[in-house]
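Listing of work.txt; format and content: compact mmCIF, C-alpha atoms and all ligand atoms.
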```txt
# COMPACT_ATOMS: atom_id res chain seq x y z
CA MET A 247 28.38 69.43 110.15
CA LYS A 248 27.94 65.77 111.03
CA PHE A 249 25.76 63.58 108.83
CA PHE A 250 23.51 60.93 110.37
CA VAL A 251 21.23 58.72 108.29
CA ASP A 252 17.63 58.33 109.44
CA THR A 253 16.80 54.68 108.75
CA ALA A 254 16.79 51.17 110.21
CA GLU A 255 17.57 49.55 106.84
CA ILE A 256 20.97 47.89 106.83
CA GLU A 257 21.93 48.13 103.14
CA PRO A 258 21.63 51.93 102.80
CA ILE A 259 23.59 52.30 106.05
CA ARG A 260 26.38 50.07 104.73
CA GLU A 261 26.45 51.93 101.43
CA LEU A 262 26.70 55.35 103.10
CA ALA A 263 29.21 54.14 105.70
CA ALA A 264 31.46 53.02 102.83
CA THR A 265 31.70 56.64 101.60
CA GLY A 266 33.39 57.60 104.87
CA LEU A 267 30.93 60.49 105.21
CA LEU A 268 28.52 58.94 107.69
CA ASP A 269 28.84 60.04 111.31
CA GLY A 270 25.90 58.23 112.90
CA VAL A 271 22.42 56.76 112.57
CA THR A 272 19.01 57.67 113.96
CA THR A 273 16.10 55.27 114.26
CA ASN A 274 12.65 55.58 115.77
CA PRO A 275 9.79 53.13 116.44
CA SER A 276 8.22 53.86 113.03
CA LEU A 277 11.49 53.15 111.20
CA ILE A 278 11.96 49.92 113.17
CA ALA A 279 8.41 48.85 112.24
CA LYS A 280 9.11 49.69 108.58
CA SER A 281 12.29 47.56 108.60
CA GLY A 282 10.31 44.54 109.83
CA ARG A 283 13.34 43.59 111.96
CA ASP A 284 13.75 42.77 115.64
CA PHE A 285 14.63 46.04 117.43
CA MET A 286 17.54 44.71 119.51
CA GLU A 287 18.98 42.67 116.66
CA VAL A 288 18.88 45.44 114.05
CA THR A 289 20.25 48.02 116.51
CA ARG A 290 23.17 45.71 117.31
CA GLU A 291 23.86 45.24 113.61
CA ILE A 292 23.78 48.99 112.92
CA CYS A 293 26.13 49.67 115.86
CA GLY A 294 28.62 47.29 114.29
CA ILE A 295 28.59 49.19 110.98
CA VAL A 296 29.08 52.77 112.21
CA ASP A 297 31.39 54.01 114.94
CA GLY A 298 29.32 57.10 115.73
CA PRO A 299 26.14 57.45 117.78
CA VAL A 300 23.21 55.17 116.92
CA SER A 301 19.95 56.48 118.37
CA ALA A 302 17.61 53.85 119.80
CA GLU A 303 14.33 55.14 121.18
CA VAL A 304 12.60 54.13 124.41
CA VAL A 305 8.88 53.43 124.06
CA ALA A 306 7.75 53.79 127.67
CA LEU A 307 6.09 57.03 128.69
CA ASP A 308 7.03 57.04 132.40
CA HIS A 309 10.48 57.76 133.80
CA GLU A 310 10.87 54.52 135.73
CA THR A 311 10.11 52.28 132.76
CA MET A 312 12.15 54.49 130.42
CA MET A 313 15.16 53.91 132.70
CA LYS A 314 14.60 50.14 132.58
CA GLU A 315 14.36 50.18 128.78
CA ALA A 316 17.44 52.42 128.52
CA GLU A 317 19.35 50.00 130.72
CA ILE A 318 18.71 47.22 128.20
CA LEU A 319 19.35 49.37 125.14
CA ARG A 320 22.63 50.87 126.33
CA LYS A 321 24.07 47.39 126.87
CA ILE A 322 23.77 46.69 123.12
CA ALA A 323 26.94 48.63 122.26
CA GLU A 324 29.05 51.55 123.43
CA ASN A 325 27.80 53.79 120.62
CA VAL A 326 24.11 53.48 121.48
CA CYS A 327 22.53 56.86 122.11
CA ILE A 328 19.27 56.63 124.05
CA LYS A 329 16.45 58.57 122.42
CA VAL A 330 13.77 59.99 124.71
CA PRO A 331 10.72 62.12 123.92
CA LEU A 332 10.54 65.75 124.97
CA THR A 333 8.25 65.26 127.98
CA VAL A 334 8.77 65.75 131.72
CA ASP A 335 9.51 62.04 132.13
CA GLY A 336 11.72 62.05 129.03
CA LEU A 337 13.83 64.90 130.38
CA LYS A 338 14.05 63.33 133.85
CA THR A 339 15.38 60.24 132.10
CA CYS A 340 17.76 62.39 130.03
CA LYS A 341 19.20 64.03 133.15
CA ALA A 342 19.69 60.68 134.89
CA LEU A 343 21.29 58.96 131.88
CA THR A 344 23.65 61.76 130.88
CA GLY A 345 24.67 62.00 134.55
CA GLU A 346 25.84 58.40 134.20
CA GLY A 347 27.77 59.18 131.01
CA THR A 348 25.23 57.76 128.54
CA MET A 349 24.54 59.70 125.32
CA VAL A 350 20.97 60.96 125.02
CA ASN A 351 19.08 62.31 122.02
CA VAL A 352 15.94 64.25 122.98
CA THR A 353 13.43 63.84 120.18
CA LEU A 354 10.15 65.40 119.01
CA CYS A 355 11.27 68.98 119.67
CA PHE A 356 9.03 71.63 118.10
CA SER A 357 9.89 74.80 120.04
CA ALA A 358 13.01 76.67 121.11
CA ASN A 359 11.80 76.61 124.72
CA GLN A 360 11.64 72.81 124.56
CA ALA A 361 15.21 72.84 123.22
CA LEU A 362 16.24 75.06 126.15
CA LEU A 363 14.78 72.52 128.60
CA ALA A 364 16.60 69.66 126.88
CA ALA A 365 19.92 71.51 127.11
CA LYS A 366 19.32 72.16 130.82
CA ALA A 367 18.65 68.43 131.21
CA GLY A 368 22.13 67.79 129.76
CA ALA A 369 21.01 66.29 126.43
CA SER A 370 23.82 65.22 124.11
CA PHE A 371 21.56 65.99 121.10
CA ILE A 372 18.32 67.88 120.60
CA SER A 373 16.23 66.80 117.60
CA PRO A 374 14.01 69.57 116.20
CA PHE A 375 11.79 68.10 113.44
CA VAL A 376 11.98 70.65 110.63
CA GLY A 377 9.92 68.75 108.03
CA ARG A 378 6.98 68.14 110.36
CA HIS A 379 7.26 71.77 111.48
CA ASP A 380 7.00 72.94 107.84
CA ASP A 381 4.05 70.55 107.26
CA ASN A 382 2.12 72.35 109.97
CA GLY A 383 2.55 75.84 108.57
CA PHE A 384 5.65 76.90 110.54
CA ASP A 385 9.16 77.50 109.26
CA GLY A 386 11.37 74.71 110.56
CA MET A 387 14.49 76.74 109.87
CA ASP A 388 13.33 79.63 112.07
CA LEU A 389 13.26 77.07 114.87
CA ILE A 390 16.85 76.00 114.14
CA GLU A 391 17.99 79.65 114.10
CA ASP A 392 16.33 80.30 117.47
CA ILE A 393 17.86 77.22 119.06
CA ARG A 394 21.32 78.10 117.69
CA LEU A 395 21.03 81.60 119.17
CA ILE A 396 19.91 80.35 122.59
CA TYR A 397 22.53 77.60 122.80
CA ASP A 398 25.27 80.04 121.81
CA ASN A 399 24.02 82.62 124.35
CA TYR A 400 24.62 80.16 127.18
CA ASN A 401 27.37 78.00 125.68
CA PHE A 402 25.26 74.85 125.96
CA ALA A 403 27.17 71.78 124.77
CA THR A 404 23.99 70.06 123.49
CA GLU A 405 24.34 69.46 119.75
CA ILE A 406 21.55 70.61 117.44
CA LEU A 407 20.54 67.56 115.38
CA VAL A 408 18.26 68.76 112.58
CA ALA A 409 15.72 65.97 112.05
CA SER A 410 12.75 65.24 109.78
CA VAL A 411 14.85 66.52 106.89
CA ARG A 412 12.93 66.22 103.62
CA HIS A 413 15.20 67.70 100.93
CA THR A 414 18.67 69.03 100.21
CA THR A 415 17.63 72.64 100.82
CA HIS A 416 16.97 71.73 104.46
CA VAL A 417 20.57 70.47 104.66
CA LEU A 418 21.96 73.65 103.08
CA GLN A 419 19.94 75.91 105.37
CA ALA A 420 20.89 73.90 108.46
CA ALA A 421 24.58 74.14 107.53
CA LYS A 422 24.33 77.92 106.95
CA ILE A 423 22.75 78.38 110.38
CA GLY A 424 25.49 76.28 111.97
CA ALA A 425 23.52 73.24 113.12
CA ASP A 426 25.88 70.59 114.49
CA VAL A 427 24.28 67.53 112.90
CA MET A 428 21.56 66.67 110.43
CA THR A 429 19.81 63.34 110.02
CA ALA A 430 18.15 62.55 106.71
CA PRO A 431 16.74 59.58 104.82
CA PRO A 432 19.31 57.86 102.54
CA LYS A 433 17.78 59.42 99.40
CA VAL A 434 18.34 62.98 100.62
CA ILE A 435 21.99 62.21 101.41
CA HIS A 436 22.47 60.67 97.95
CA ASP A 437 20.79 63.73 96.40
CA LEU A 438 23.49 65.94 97.97
CA PHE A 439 26.05 64.47 95.55
CA LYS A 440 24.02 65.34 92.47
CA HIS A 441 24.30 68.28 90.11
CA VAL A 442 23.21 68.33 86.49
CA LEU A 443 26.38 70.20 85.49
CA THR A 444 28.57 67.56 87.18
CA ASP A 445 26.85 64.84 85.10
CA LYS A 446 27.12 66.95 81.95
CA GLY A 447 30.78 67.72 82.66
CA ILE A 448 31.65 64.04 83.13
CA GLU A 449 29.84 63.20 79.91
CA GLY A 450 31.84 65.83 78.00
CA PHE A 451 35.19 64.79 79.48
CA MET A 452 34.50 61.11 78.72
CA ALA A 453 33.59 61.87 75.13
CA ASP A 454 36.76 63.95 74.60
CA TRP A 455 38.95 61.39 76.38
CA ALA A 456 37.65 58.63 74.09
CA LYS A 457 38.81 60.72 71.11
CA THR A 458 42.42 60.64 72.39
CA GLY A 459 42.52 56.82 72.17
CA GLN A 460 44.62 56.81 75.38
CA SER A 461 44.23 54.88 78.63
CA ILE A 462 45.66 55.54 82.09
CA LEU A 463 45.88 51.89 83.16
C1 LIG A 501 14.72 61.77 113.89
O1 LIG A 501 15.46 61.26 114.67
C2 LIG A 501 13.48 61.16 113.40
O2 LIG A 501 13.67 59.77 113.31
C3 LIG A 501 13.07 61.60 112.01
O3 LIG A 501 13.94 62.55 111.48
C4 LIG A 501 11.63 61.82 111.80
O4 LIG A 501 11.42 62.23 110.49
P1 LIG A 501 10.00 62.17 109.76
O5 LIG A 501 9.25 63.43 110.10
O6 LIG A 501 10.34 62.13 108.30
O7 LIG A 501 9.30 60.94 110.24
```
Can the structure from this file be put into structure tokens for me?
Amino acid sequence: MKFFVDTAEIEPIRELAATGLLDGVTTNPSLIAKSGRDFMEVTREICGIVDGPVSAEVVALDHETMMKEAEILRKIAENVCIKVPLTVDGLKTCKALTGEGTMVNVTLCFSANQALLAAKAGASFISPFVGRHDDNGFDGMDLIEDIRLIYDNYNFATEILVASVRHTTHVLQAAKIGADVMTAPPKVIHDLFKHVLTDKGIEGFMADWAKTGQSIL
């Protein structure tokens, strides 16, 4: 499973990229606003840190203007992935852009039927929002299971990008279902490394090693 980080903050991206475990980045208008940075400038900087797809979202609601915005965004770098909302105009834009060889991430997906439409529109990624789905009394993981089943039934190449990930259990469940990608805030990715028994084990080994009086270097 590929790991994307869901942020527009440079430092956490650098830190995670240095682990060699980061496959891409997702941003959205809210994350750009939170960063306080210029959209074009911060997207360019992120694209220079990671080799994988960097999602940059259009903000227009009509197809024609979405295409104009995408034209500007895709010139930023080769690894820019244009993010469009799951609407009629968004999917028209998706079809046109992927037809020209541009990566597209279809966002704000909350039903398996929407995911089916996105795959038919040739989306590179579909982003079902599991956390927001859970918040509204549904089971986000049921949605991922349904999309996996449908995509496998028809051999769709669209990758399932589990988004709105809130905790490490979401990551585990997504991996068990066979989602292709997950995007999570930096904290959730850092939490994946943690286990109380790992910390305890290191503590024990260090204490015993100190007793030997030896050193490797
Ligand atoms: C995905 O691409 C979105 O940016 C993101 O995962 C939304 O998550 P949120 O529900 O935590 O805002």
> Neighbours of ligand LIG 501 (chain A) within 6 Å, counting all atoms listed in the file, as an NGL selection string?
Replying inline: :A and (252 or 272-274 or 377-378 or 409-410)
> Neighbours of Lys366 (chain A) within 12 Å (all atoms listed in the file; same-chain residues fewer than 4 positions away dropped), as an MDAnalysis selection string?
Replying inline: chainID A and resid 337:338 340:341 344 352 359:362 370:372 396:397 400:404
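You can rank A:Phe356, A:Phe384, A:Gly345, A:Thr415 by their closest distance to Gly368 (chain A) using all atoms listed in the file, and at the top of that list sits A:Gly345.
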Would you list the contacts of Cys327 (chain A) as a PDB file with C-alpha atoms, keeping the file's coordinate frame, taking every protein, DNA or RNA residue within 7 Å and counting all atoms listed in the file, but skipping same-chain residues closer than 5 positions in sequence?
```
ATOM      1  CA  PRO A 299      26.140  57.450 117.780  1.00  0.00           C
ATOM      2  CA  VAL A 300      23.210  55.170 116.920  1.00  0.00           C
ATOM      3  CA  SER A 301      19.950  56.480 118.370  1.00  0.00           C
ATOM      4  CA  ALA A 302      17.610  53.850 119.800  1.00  0.00           C
ATOM      5  CA  MET A 349      24.540  59.700 125.320  1.00  0.00           C
ATOM      6  CA  VAL A 350      20.970  60.960 125.020  1.00  0.00           C
ATOM      7  CA  ASN A 351      19.080  62.310 122.020  1.00  0.00           C
TER       8      ASN A 351
END
```
>> Give me the residues near region 313-318 of chain A as a PyMOL selection string, where near means some atom within 9 Å (using only C-alpha atoms) and where sequence neighbours in that chain fewer than 3 positions away do not count.
In response: chain A and resi 302-306+308-310+321-322+328-329+339+342-343
> Near His416 (chain A), counting all atoms listed in the file, which residues have an atom at most 9 Å away, once you skip same-chain residues fewer than 5 positions from it, shown as a list in words?
Replying inline: Val376, Gly377, Gly386, Met387, Val408, Val411 and Ala421 of chain A
>> Rounded to one decimal, what separation in Å do you get between CA of Ala264 (chain A) and CA of Lys280 (chain A)?
In response: 23.3 Å
>> With distances taken over all atoms listed in the file, which residue among A:Cys355, A:Ile448, A:Ile435, A:Val334 lies nearest Leu268 (chain A)?
In response: A:Ile435
> Given the choices A:Val427, A:Ala420, A:Asp385, A:Leu395, which gets closest to Ser373 (chain A) if the distance is worked out from all atoms listed in the file?
Replying inline: A:Val427
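Using only C-alpha atoms, the shortest contact distance between Gly424 (chain A) and any of A:Asn399, A:Thr444, A:Ile393, A:Asp381 is found at A:Ile393.
Each of A:Arg260, A:Arg394, A:His436, A:Arg320 was checked against Glu291 (chain A) using all atoms listed in the file; the smallest atom-to-atom distance is that of A:Arg260.
Closest to Ser281 (chain A) among A:Asp392, A:Glu324, A:Glu261, A:Glu255 is A:Glu255, based on only C-alpha atoms.
A straight line drawn from CA of Phe250 (chain A) to CA of Gly383 (chain A) is 25.8 Å long.
Between CA of Leu262 (chain A) and CA of Val434 (chain A) the interatomic distance comes to 11.6 Å.
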